[in-house]
$ cat work-v1.pdb   # PDB, C-alpha atoms
MODEL        1
ATOM      1  CA  MET A 156      -8.807   1.911  10.765
ATOM      2  CA  THR A 157     -12.591   1.568  10.923
ATOM      3  CA  THR A 158     -14.581   3.604   8.424
ATOM      4  CA  LEU A 159     -18.000   4.598   9.695
ATOM      5  CA  PRO A 160     -19.554   7.581   7.857
ATOM      6  CA  ALA A 161     -22.956   8.838   8.928
ATOM      7  CA  ASP A 162     -24.843   6.674   6.465
ATOM      8  CA  ARG A 163     -23.401   3.618   8.155
ATOM      9  CA  ALA A 164     -23.628   4.746  11.755
ATOM     10  CA  SER A 165     -27.390   5.084  11.931
ATOM     11  CA  VAL A 166     -30.551   4.468   9.939
ATOM     12  CA  THR A 167     -34.072   5.799  10.383
ATOM     13  CA  GLU A 168     -35.874   2.496  10.402
ATOM     14  CA  PRO A 169     -38.499   1.349  12.912
ATOM     15  CA  ASP A 170     -36.187  -1.288  14.313
ATOM     16  CA  ALA A 171     -33.080   0.904  14.423
ATOM     17  CA  ASP A 172     -32.817   0.520  18.201
ATOM     18  CA  VAL A 173     -33.106  -3.264  18.112
ATOM     19  CA  PRO A 174     -29.693  -4.904  18.624
ATOM     20  CA  ARG A 175     -28.488  -6.535  15.446
ATOM     21  CA  PRO A 176     -26.631  -9.859  15.649
ATOM     22  CA  THR A 177     -24.569  -9.117  12.539
ATOM     23  CA  VAL A 178     -23.412  -6.242  10.352
ATOM     24  CA  THR A 179     -22.203  -6.330   6.742
ATOM     25  CA  CYS A 180     -18.454  -6.095   6.212
ATOM     26  CA  VAL A 181     -17.423  -5.148   2.653
ATOM     27  CA  PHE A 182     -13.985  -6.218   1.435
ATOM     28  CA  ALA A 183     -13.886  -5.065  -2.165
ATOM     29  CA  VAL A 184     -15.810  -3.986  -5.251
ATOM     30  CA  THR A 185     -15.516  -5.570  -8.685
ATOM     31  CA  ASP A 186     -17.389  -5.672 -11.980
ATOM     32  CA  THR A 187     -16.268  -9.243 -12.734
ATOM     33  CA  PRO A 188     -17.339 -11.296  -9.705
ATOM     34  CA  PRO A 189     -15.680 -14.638  -9.033
ATOM     35  CA  PRO A 190     -17.931 -17.716  -8.739
ATOM     36  CA  ASP A 191     -19.975 -17.878  -5.546
ATOM     37  CA  GLU A 192     -18.505 -21.280  -4.703
ATOM     38  CA  ALA A 193     -14.961 -19.883  -4.833
ATOM     39  CA  VAL A 194     -15.900 -16.946  -2.616
ATOM     40  CA  SER A 195     -17.752 -19.014  -0.016
ATOM     41  CA  VAL A 196     -14.742 -21.228   0.761
ATOM     42  CA  THR A 197     -12.444 -18.259   1.467
ATOM     43  CA  PRO A 198     -11.940 -17.792   5.224
ATOM     44  CA  GLY A 199     -13.101 -14.360   6.357
ATOM     45  CA  HIS A 200     -13.077 -12.704   9.769
ATOM     46  CA  ASP A 201     -13.258 -15.006  12.771
ATOM     47  CA  GLY A 202     -16.792 -15.592  14.007
ATOM     48  CA  GLY A 203     -18.442 -14.400  10.794
ATOM     49  CA  GLY A 204     -20.400 -16.198   8.134
ATOM     50  CA  PRO A 205     -19.064 -17.318   4.756
ATOM     51  CA  LEU A 206     -17.964 -14.713   2.253
ATOM     52  CA  ARG A 207     -20.515 -14.020  -0.460
ATOM     53  CA  VAL A 208     -21.116 -11.846  -3.524
ATOM     54  CA  LEU A 209     -23.648  -9.026  -3.213
ATOM     55  CA  ALA A 210     -24.921  -7.350  -6.401
ATOM     56  CA  ALA A 211     -25.051  -3.536  -6.480
ATOM     57  CA  GLY A 212     -26.257  -2.664  -9.967
ATOM     58  CA  PRO A 213     -23.400  -3.287 -12.421
ATOM     59  CA  LEU A 214     -21.007  -3.713  -9.523
ATOM     60  CA  HIS A 215     -20.520  -6.611  -7.128
ATOM     61  CA  LEU A 216     -19.378  -6.477  -3.518
ATOM     62  CA  ILE A 217     -17.494  -9.194  -1.676
ATOM     63  CA  VAL A 218     -19.043  -9.193   1.784
ATOM     64  CA  GLN A 219     -19.310 -11.134   5.023
ATOM     65  CA  ASP A 220     -21.817 -11.075   7.863
ATOM     66  CA  VAL A 221     -19.763 -10.408  11.012
ATOM     67  CA  PRO A 222     -20.823 -10.271  14.679
ATOM     68  CA  ALA A 223     -22.060  -6.800  15.542
ATOM     69  CA  ALA A 224     -20.774  -7.116  19.111
ATOM     70  CA  ALA A 225     -17.200  -7.819  17.980
ATOM     71  CA  PHE A 226     -17.246  -5.229  15.196
ATOM     72  CA  GLY A 227     -18.861  -2.325  17.012
ATOM     73  CA  GLU A 228     -16.764   0.821  16.905
ATOM     74  CA  GLU A 229     -15.394   0.600  20.454
ATOM     75  CA  ALA A 230     -14.902  -3.163  20.446
ATOM     76  CA  LEU A 231     -13.129  -3.091  17.088
ATOM     77  CA  ALA A 232     -10.888  -0.174  18.037
ATOM     78  CA  GLU A 233      -9.838  -2.058  21.171
ATOM     79  CA  ARG A 234      -9.092  -5.222  19.180
ATOM     80  CA  LEU A 235      -7.090  -3.415  16.495
ATOM     81  CA  ASN A 236      -4.882  -1.874  19.169
ATOM     82  CA  ARG A 237      -3.542  -5.376  19.822
ATOM     83  CA  PRO A 238      -0.892  -6.290  17.214
ATOM     84  CA  GLU A 239      -1.952  -9.928  16.942
ATOM     85  CA  GLU A 240      -5.598  -8.949  16.365
ATOM     86  CA  LEU A 241      -4.619  -6.277  13.855
ATOM     87  CA  GLU A 242      -2.603  -8.820  11.897
ATOM     88  CA  ARG A 243      -5.441 -11.357  12.017
ATOM     89  CA  CYS A 244      -7.954  -8.803  10.705
ATOM     90  CA  ALA A 245      -5.559  -7.553   8.030
ATOM     91  CA  ARG A 246      -4.959 -11.093   6.771
ATOM     92  CA  ALA A 247      -8.676 -11.818   6.633
ATOM     93  CA  HIS A 248      -9.282  -8.581   4.761
ATOM     94  CA  HIS A 249      -6.564  -9.378   2.232
ATOM     95  CA  ARG A 250      -8.003 -12.854   1.646
ATOM     96  CA  GLY A 251     -11.326 -11.297   0.737
ATOM     97  CA  VAL A 252      -9.716  -8.752  -1.593
ATOM     98  CA  GLU A 253      -7.519 -11.421  -3.180
ATOM     99  CA  THR A 254     -10.536 -13.607  -3.880
ATOM    100  CA  ALA A 255     -12.362 -10.665  -5.424
ATOM    101  CA  ALA A 256      -9.343  -9.995  -7.660
ATOM    102  CA  SER A 257      -9.190 -13.566  -8.953
ATOM    103  CA  ALA A 258     -11.651 -12.827 -11.772
ATOM    104  CA  GLY A 259     -10.778  -9.257 -12.766
ATOM    105  CA  PRO A 260      -9.977  -5.738 -11.538
ATOM    106  CA  VAL A 261     -10.869  -4.910  -7.974
ATOM    107  CA  VAL A 262     -11.128  -1.838  -5.771
ATOM    108  CA  PRO A 263     -10.118  -2.851  -2.239
ATOM    109  CA  LEU A 264     -12.047  -0.994   0.445
ATOM    110  CA  PRO A 265     -10.441   0.069   3.727
ATOM    111  CA  MET A 266     -10.165  -2.665   6.304
ATOM    112  CA  ALA A 267     -13.301  -2.991   8.450
ATOM    113  CA  THR A 268     -15.642  -1.142   6.090
ATOM    114  CA  LEU A 269     -18.946  -1.857   7.849
ATOM    115  CA  TYR A 270     -22.636  -1.258   7.154
ATOM    116  CA  LEU A 271     -25.682  -2.064   9.229
ATOM    117  CA  ASP A 272     -27.021  -4.415   6.566
ATOM    118  CA  ASP A 273     -26.831  -5.335   2.884
ATOM    119  CA  ARG A 274     -29.300  -2.659   1.832
ATOM    120  CA  ASN A 275     -27.159   0.112   3.349
ATOM    121  CA  ALA A 276     -24.012  -1.325   1.786
ATOM    122  CA  VAL A 277     -25.584  -1.486  -1.672
ATOM    123  CA  ARG A 278     -27.054   2.005  -1.366
ATOM    124  CA  ALA A 279     -23.784   3.590  -0.228
ATOM    125  CA  LEU A 280     -21.642   1.991  -2.924
ATOM    126  CA  THR A 281     -24.233   2.500  -5.669
ATOM    127  CA  ASP A 282     -24.001   6.218  -4.886
ATOM    128  CA  ARG A 283     -20.290   5.960  -5.730
ATOM    129  CA  ALA A 284     -20.784   3.756  -8.772
ATOM    130  CA  ALA A 285     -19.395   6.242 -11.305
ATOM    131  CA  SER A 286     -16.083   6.774  -9.478
ATOM    132  CA  LEU A 287     -15.767   3.071  -8.677
ATOM    133  CA  ARG A 288     -16.263   2.113 -12.324
ATOM    134  CA  THR A 289     -13.623   4.676 -13.326
ATOM    135  CA  LEU A 290     -11.212   3.089 -10.857
ATOM    136  CA  LEU A 291     -11.962  -0.408 -12.107
ATOM    137  CA  ASP A 292     -11.307   0.656 -15.696
ATOM    138  CA  ARG A 293      -8.059   2.282 -14.600
ATOM    139  CA  LEU A 294      -6.856  -0.868 -12.832
ATOM    140  CA  ARG A 295      -7.948  -3.356 -15.474
ATOM    141  CA  ASP A 296      -5.051  -5.513 -16.743
ATOM    142  CA  ARG A 297      -2.633  -3.687 -14.461
ATOM    143  CA  THR A 298      -0.817  -4.695 -11.317
ATOM    144  CA  GLU A 299       1.256  -3.033  -8.623
ATOM    145  CA  TRP A 300       4.985  -3.599  -8.232
ATOM    146  CA  ALA A 301       7.006  -2.490  -5.225
ATOM    147  CA  VAL A 302      10.607  -1.328  -5.492
ATOM    148  CA  LYS A 303      12.817  -0.481  -2.541
ATOM    149  CA  VAL A 304      16.288   1.024  -2.497
ATOM    150  CA  HIS A 305      18.562   0.628   0.499
ATOM    151  CA  GLY A 306      21.654   2.745   0.879
ATOM    152  CA  PRO A 307      25.095   1.800   2.095
ATOM    153  CA  GLY A 308      26.012   2.140   5.726
ATOM    154  CA  ILE A 309      28.180   5.121   6.493
ATOM    155  CA  ALA A 310      31.752   3.897   6.726
ATOM    156  CA  HIS A 311      34.030   6.190   8.706
ATOM    157  CA  ALA A 312      36.999   7.147   6.608
ATOM    158  CA  PRO A 313      40.572   6.887   7.839
ATOM    159  CA  GLY A 314      41.402   9.860   9.939
ATOM    160  CA  ALA A 315      38.308   9.599  12.099
ATOM    161  CA  ALA A 316      37.881  11.753  15.178
ATOM    162  CA  GLY A 317      39.992   9.490  17.360
ATOM    163  CA  ASP A 318      43.009   9.392  15.039
ATOM    164  CA  GLY A 319      45.804  11.889  14.472
ATOM    165  CA  PRO A 320      47.081  14.731  16.674
ATOM    166  CA  ALA A 321      45.273  15.119  19.959
ATOM    167  CA  ASP A 322      45.082  18.926  20.056
ATOM    168  CA  GLY A 323      41.632  20.448  20.026
ATOM    169  CA  ARG A 324      41.871  22.214  16.680
ATOM    170  CA  SER A 325      42.945  19.040  14.868
ATOM    171  CA  TYR A 326      40.215  17.038  16.555
ATOM    172  CA  LEU A 327      37.487  19.493  15.466
ATOM    173  CA  ARG A 328      38.850  19.506  11.920
ATOM    174  CA  ARG A 329      38.658  15.715  11.755
ATOM    175  CA  VAL A 330      35.101  15.725  13.133
ATOM    176  CA  SER A 331      34.090  18.303  10.537
ATOM    177  CA  GLU A 332      35.678  16.293   7.712
ATOM    178  CA  ARG A 333      33.983  13.107   8.851
ATOM    179  CA  ARG A 334      30.576  14.793   8.951
ATOM    180  CA  ARG A 335      31.095  16.277   5.510
ATOM    181  CA  THR A 336      32.085  12.870   4.131
ATOM    182  CA  GLU A 337      29.022  11.221   5.645
ATOM    183  CA  ARG A 338      26.748  13.948   4.289
ATOM    184  CA  GLU A 339      28.206  13.603   0.798
ATOM    185  CA  GLU A 340      27.779   9.819   0.907
ATOM    186  CA  ARG A 341      24.128  10.194   1.922
ATOM    187  CA  GLU A 342      23.519  12.720  -0.849
ATOM    188  CA  ARG A 343      25.091  10.454  -3.470
ATOM    189  CA  ALA A 344      23.021   7.485  -2.292
ATOM    190  CA  LEU A 345      19.797   9.530  -2.366
ATOM    191  CA  ALA A 346      20.654  10.750  -5.860
ATOM    192  CA  ARG A 347      20.988   7.126  -7.001
ATOM    193  CA  ALA A 348      17.612   6.261  -5.442
ATOM    194  CA  HIS A 349      15.960   9.233  -7.180
ATOM    195  CA  ALA A 350      17.515   8.130 -10.471
ATOM    196  CA  VAL A 351      16.045   4.640 -10.022
ATOM    197  CA  ASP A 352      12.608   6.142  -9.413
ATOM    198  CA  ARG A 353      12.826   8.447 -12.443
ATOM    199  CA  GLU A 354      13.804   5.579 -14.728
ATOM    200  CA  LEU A 355      11.051   3.232 -13.516
ATOM    201  CA  ARG A 356       8.348   5.879 -13.897
ATOM    202  CA  ARG A 357       8.985   5.677 -17.644
ATOM    203  CA  TYR A 358       7.379   2.219 -17.643
ATOM    204  CA  ALA A 359       4.513   2.980 -15.266
ATOM    205  CA  VAL A 360       0.954   4.190 -15.739
ATOM    206  CA  ALA A 361       1.238   5.734 -12.278
ATOM    207  CA  ALA A 362       3.736   5.745  -9.439
ATOM    208  CA  THR A 363       3.769   6.772  -5.826
ATOM    209  CA  ARG A 364       6.334   7.008  -3.063
ATOM    210  CA  HIS A 365       5.540   5.712   0.381
ATOM    211  CA  ARG A 366       7.373   6.863   3.471
ATOM    212  CA  PRO A 367      10.661   4.960   3.839
ATOM    213  CA  GLN A 368      10.451   2.245   6.476
ATOM    214  CA  SER A 369      12.592   2.346   9.570
ATOM    215  CA  GLU A 370      15.497  -0.018  10.075
ATOM    216  CA  GLN A 371      13.440  -1.667  12.819
ATOM    217  CA  LEU A 372      10.739  -2.573  10.289
ATOM    218  CA  THR A 373      13.066  -3.591   7.457
ATOM    219  CA  GLY A 374      15.396  -5.599   9.688
ATOM    220  CA  ARG A 375      18.354  -4.027   7.883
ATOM    221  CA  SER A 376      21.201  -2.011   9.330
ATOM    222  CA  VAL A 377      21.228   0.395   6.381
ATOM    223  CA  PRO A 378      18.708   3.154   5.621
ATOM    224  CA  GLN A 379      15.849   2.741   3.171
ATOM    225  CA  LEU A 380      16.183   5.467   0.553
ATOM    226  CA  LEU A 381      13.185   4.647  -1.636
ATOM    227  CA  ASN A 382       9.909   2.854  -0.943
ATOM    228  CA  ALA A 383       7.926   3.175  -4.158
ATOM    229  CA  ALA A 384       5.002   1.499  -5.915
ATOM    230  CA  TYR A 385       4.393   1.421  -9.667
ATOM    231  CA  LEU A 386       1.197   0.630 -11.549
ATOM    232  CA  ILE A 387       2.271  -1.395 -14.585
ATOM    233  CA  ASP A 388       0.325  -2.540 -17.627
ATOM    234  CA  ASP A 389       0.516  -6.330 -17.706
ATOM    235  CA  GLY A 390       1.749  -6.046 -21.291
ATOM    236  CA  ARG A 391       4.850  -4.153 -20.074
ATOM    237  CA  ARG A 392       5.582  -6.466 -17.154
ATOM    238  CA  ALA A 393       8.649  -8.096 -18.747
ATOM    239  CA  GLU A 394      10.025  -4.676 -19.738
ATOM    240  CA  PHE A 395       9.626  -3.347 -16.216
ATOM    241  CA  VAL A 396      11.185  -6.407 -14.568
ATOM    242  CA  ARG A 397      14.124  -6.236 -16.944
ATOM    243  CA  ALA A 398      14.628  -2.528 -16.210
ATOM    244  CA  VAL A 399      14.640  -3.162 -12.454
ATOM    245  CA  GLY A 400      17.201  -5.930 -12.936
ATOM    246  CA  GLU A 401      19.505  -3.632 -14.874
ATOM    247  CA  LEU A 402      19.161  -0.867 -12.298
ATOM    248  CA  ALA A 403      19.865  -3.339  -9.491
ATOM    249  CA  ARG A 404      23.086  -4.478 -11.178
ATOM    250  CA  ASP A 405      24.241  -0.905 -11.753
ATOM    251  CA  ALA A 406      23.384   0.146  -8.197
ATOM    252  CA  HIS A 407      25.196  -2.836  -6.698
ATOM    253  CA  ARG A 408      28.510  -1.436  -7.965
ATOM    254  CA  SER A 409      28.056   1.547  -5.669
ATOM    255  CA  ALA A 410      26.853  -0.522  -2.683
ATOM    256  CA  VAL A 411      23.205   0.510  -3.136
ATOM    257  CA  GLU A 412      20.681  -2.342  -3.183
ATOM    258  CA  VAL A 413      17.554  -2.289  -5.378
ATOM    259  CA  THR A 414      14.880  -4.922  -4.656
ATOM    260  CA  MET A 415      11.519  -5.599  -6.277
ATOM    261  CA  SER A 416       8.382  -7.530  -5.334
ATOM    262  CA  GLY A 417       5.144  -8.178  -7.159
ATOM    263  CA  PRO A 418       2.832  -8.413  -8.872
ATOM    264  CA  TRP A 419       0.426  -7.212  -6.198
ATOM    265  CA  ILE A 420      -3.192  -6.134  -6.071
ATOM    266  CA  PRO A 421      -2.933  -2.351  -6.679
ATOM    267  CA  TYR A 422      -3.845  -1.146  -3.195
ATOM    268  CA  SER A 423      -1.685   1.966  -3.650
ATOM    269  CA  PHE A 424      -3.688   3.138  -6.666
ATOM    270  CA  ALA A 425      -7.266   2.204  -5.784
ATOM    271  CA  ARG A 426      -8.330   5.682  -4.641
ATOM    272  CA  ALA A 427     -10.268   8.385  -6.453
ATOM    273  CA  ASP A 428      -7.671  11.035  -5.560
ATOM    274  CA  GLU A 429      -5.034   8.959  -7.380
ATOM    275  CA  VAL A 430      -7.102   9.179 -10.580
ATOM    276  CA  GLU A 431      -7.448  12.943 -10.224
ATOM    277  CA  ARG A 432      -3.744  13.395  -9.512
ATOM    278  CA  ASP A 433      -2.712  11.329 -12.524
ATOM    279  CA  ALA A 434      -5.031  13.296 -14.799
ATOM    280  CA  TYR A 435      -3.477  16.495 -13.446
ATOM    281  CA  GLN A 436       0.053  15.225 -14.129
ATOM    282  CA  GLU A 437      -0.831  13.941 -17.607
ATOM    283  CA  ALA A 438      -2.170  17.406 -18.449
ATOM    284  CA  GLY A 439       1.362  18.707 -17.917
ATOM    285  CA  ALA A 440       0.699  20.614 -14.684
TER     286      ALA A 440
ENDMDL
END
$ encode --input "work-v1.pdb" --output "structure tokens"
Amino acid sequence: MTTLPADRASVTEPDADVPRPTVTCVFAVTDTPPPDEAVSVTPGHDGGGPLRVLAAGPLHLIVQDVPAAAFGEEALAERLNRPEELERCARAHHRGVETAASAGPVVPLPMATLYLDDRNAVRALTDRAASLRTLLDRLRDRTEWAVKVHGPGIAHAPGAAGDGPADGRSYLRRVSERRRTEREERERALARAHAVDRELRRYAVAATRHRPQSEQLTGRSVPQLLNAAYLIDDGRRAEFVRAVGELARDAHRSAVEVTMSGPWIPYSFARADEVERDAYQEAGA
């Protein structure tokens, strides 16, 4: 979870061996910074200073001074292995990103992106200024929408393995028929989920599929067939929402559930490799 490239792990300064009370945690990058007073009242990580805006050329970073002892690599790894600490850090990180996004497009950085000091943070992100500005332009006036499709539970048809004649051949035939029926039901449900995804991509600037969540995570007793995110121009928001509603009504007739949430900060699309992939797809590859 912690990102510590070489330029962050060490510096060749005279006082490099002197323990530092704080390090700089960077939440997000933007080219339209929110007011300092709005940033400073946003709660950040426990034990750290107020959030603040740090200029990096044409870009601005939302940062916080955090205790070096608590955010050292080993200490942080140990904390993030505890679910309650992981959730606390994730919530603090999202608050910082959300505040950065209140004034314009934002590139969220990975949680616990740390630098020894402001100068190192500015230098590292200035080196990436061109790709970050490309990302900000790509995300401007666009938001992320999540769509999930859950399939029907497999209902055993009449004539299940325990019914009918008790001889071995009949039993095996019923087992085989039941398995074939279940497989066909799964295939039909997956086909519906793929059709939903194909239709919604027509409205999206970009789309990506995440790994379906387990039933333990979703709290549902039916499988998740699609876990997708779509980057939508704000001008097409009503179109997209209407399309999801129509797909949800159609899917409901076949016991497949389509749900939507959003708009969200476009975490799923704030990576340089997403830009390259989209350019590749738009070229017709």
$ resolve_selection --input "work-v1.pdb" --expression "the PyMOL selection byres ((chain A and resi 403) around 10)" --output "list in words"
Val304, Val351, Arg397, Ala398, Val399, Gly400, Glu401, Leu402, Arg404, Asp405, Ala406, His407, Arg408, Val411, Glu412, Val413, Thr414 and Met415 of chain A
$ closest_residue --input "work-v1.pdb" --among "A:Glu299, A:Asp388, A:Gly306, A:Val262" --to "A:Glu342" --atoms "all atoms listed in the file"
A:Gly306
$ closest_residue --input "work-v1.pdb" --among "A:Trp419, A:Val302, A:Val330, A:Glu370" --to "A:Ala384" --atoms "all atoms listed in the file"
A:Val302
$ closest_residue --input "work-v1.pdb" --among "A:Pro367, A:Gly251, A:Pro205, A:Pro222" --to "A:Leu345" --atoms "all atoms listed in the file"
A:Pro367
$ closest_residue --input "work-v1.pdb" --among "A:Gly212, A:His305, A:Gln379, A:Arg297" --to "A:Arg283" --atoms "all atoms listed in the file"
A:Gly212
$ atom_distance --input "work-v1.pdb" --atom1 "atom CA of A:His215" --atom2 "atom CA of A:Cys244"
21.9 Å
$ resolve_selection --input "work-v1.pdb" --expression "the PyMOL selection byres ((chain A and resi 190-194) around 6)" --output "ChimeraX atom specification"
/A:189,195-197,206-207
$ residues_around --input "work-v1.pdb" --residues "A:Gly199" --least-positions-apart "2" --cutoff "12 Å" --atoms "all atoms listed in the file" --output "PyMOL selection string"
chain A and resi 180-182+194-197+201-207+217-221+243-254+267
$ write_last_selection --input "work-v1.pdb" --atoms "C-alpha atoms" --output "mmCIF file, in the frame of the given file"
data_model
loop_
_atom_site.group_PDB
_atom_site.id
_atom_site.type_symbol
_atom_site.label_atom_id
_atom_site.label_comp_id
_atom_site.auth_asym_id
_atom_site.auth_seq_id
_atom_site.Cartn_x
_atom_site.Cartn_y
_atom_site.Cartn_z
ATOM 1 C CA CYS A 180 -18.454 -6.095 6.212
ATOM 2 C CA VAL A 181 -17.423 -5.148 2.653
ATOM 3 C CA PHE A 182 -13.985 -6.218 1.435
ATOM 4 C CA VAL A 194 -15.900 -16.946 -2.616
ATOM 5 C CA SER A 195 -17.752 -19.014 -0.016
ATOM 6 C CA VAL A 196 -14.742 -21.228 0.761
ATOM 7 C CA THR A 197 -12.444 -18.259 1.467
ATOM 8 C CA ASP A 201 -13.258 -15.006 12.771
ATOM 9 C CA GLY A 202 -16.792 -15.592 14.007
ATOM 10 C CA GLY A 203 -18.442 -14.400 10.794
ATOM 11 C CA GLY A 204 -20.400 -16.198 8.134
ATOM 12 C CA PRO A 205 -19.064 -17.318 4.756
ATOM 13 C CA LEU A 206 -17.964 -14.713 2.253
ATOM 14 C CA ARG A 207 -20.515 -14.020 -0.460
ATOM 15 C CA ILE A 217 -17.494 -9.194 -1.676
ATOM 16 C CA VAL A 218 -19.043 -9.193 1.784
ATOM 17 C CA GLN A 219 -19.310 -11.134 5.023
ATOM 18 C CA ASP A 220 -21.817 -11.075 7.863
ATOM 19 C CA VAL A 221 -19.763 -10.408 11.012
ATOM 20 C CA ARG A 243 -5.441 -11.357 12.017
ATOM 21 C CA CYS A 244 -7.954 -8.803 10.705
ATOM 22 C CA ALA A 245 -5.559 -7.553 8.030
ATOM 23 C CA ARG A 246 -4.959 -11.093 6.771
ATOM 24 C CA ALA A 247 -8.676 -11.818 6.633
ATOM 25 C CA HIS A 248 -9.282 -8.581 4.761
ATOM 26 C CA HIS A 249 -6.564 -9.378 2.232
ATOM 27 C CA ARG A 250 -8.003 -12.854 1.646
ATOM 28 C CA GLY A 251 -11.326 -11.297 0.737
ATOM 29 C CA VAL A 252 -9.716 -8.752 -1.593
ATOM 30 C CA GLU A 253 -7.519 -11.421 -3.180
ATOM 31 C CA THR A 254 -10.536 -13.607 -3.880
ATOM 32 C CA ALA A 267 -13.301 -2.991 8.450
#
$ atom_distance --input "work-v1.pdb" --atom1 "atom CA of A:Ala359" --atom2 "atom CA of A:Tyr385"
5.8 Å
$ resolve_selection --input "work-v1.pdb" --expression "the PyMOL selection byres ((chain A and resi 271) around 7)" --output "list in words"
Arg163, Val178, Thr179, Leu269, Tyr270, Asp272 and Asn275 of chain A
$ write_last_selection --input "work-v1.pdb" --atoms "C-alpha atoms" --output "tab-separated table (two decimals), in the coordinates of the input"
chain	number	residue	atom	x	y	z
A	163	ARG	CA	-23.40	3.62	8.15
A	178	VAL	CA	-23.41	-6.24	10.35
A	179	THR	CA	-22.20	-6.33	6.74
A	269	LEU	CA	-18.95	-1.86	7.85
A	270	TYR	CA	-22.64	-1.26	7.15
A	272	ASP	CA	-27.02	-4.42	6.57
A	275	ASN	CA	-27.16	0.11	3.35
$ atom_distance --input "work-v1.pdb" --atom1 "atom CA of A:Ser286" --atom2 "atom CA of A:Ala425"
10.6 Å
$ closest_residue --input "work-v1.pdb" --among "A:Leu241, A:Val360, A:Leu381, A:Thr268" --to "A:Glu228" --atoms "all atoms listed in the file"
A:Thr268
$ residues_near_point --input "work-v1.pdb" --point "(10.7, 8.7, -12.2)" --cutoff "12 Å" --atoms "all atoms listed in the file" --output "PyMOL selection string"
chain A and resi 346-364+381+383-385
$ closest_residue --input "work-v1.pdb" --among "A:Pro213, A:Pro176, A:Gly374, A:Pro421" --to "A:Ile387" --atoms "all atoms listed in the file"
A:Pro421
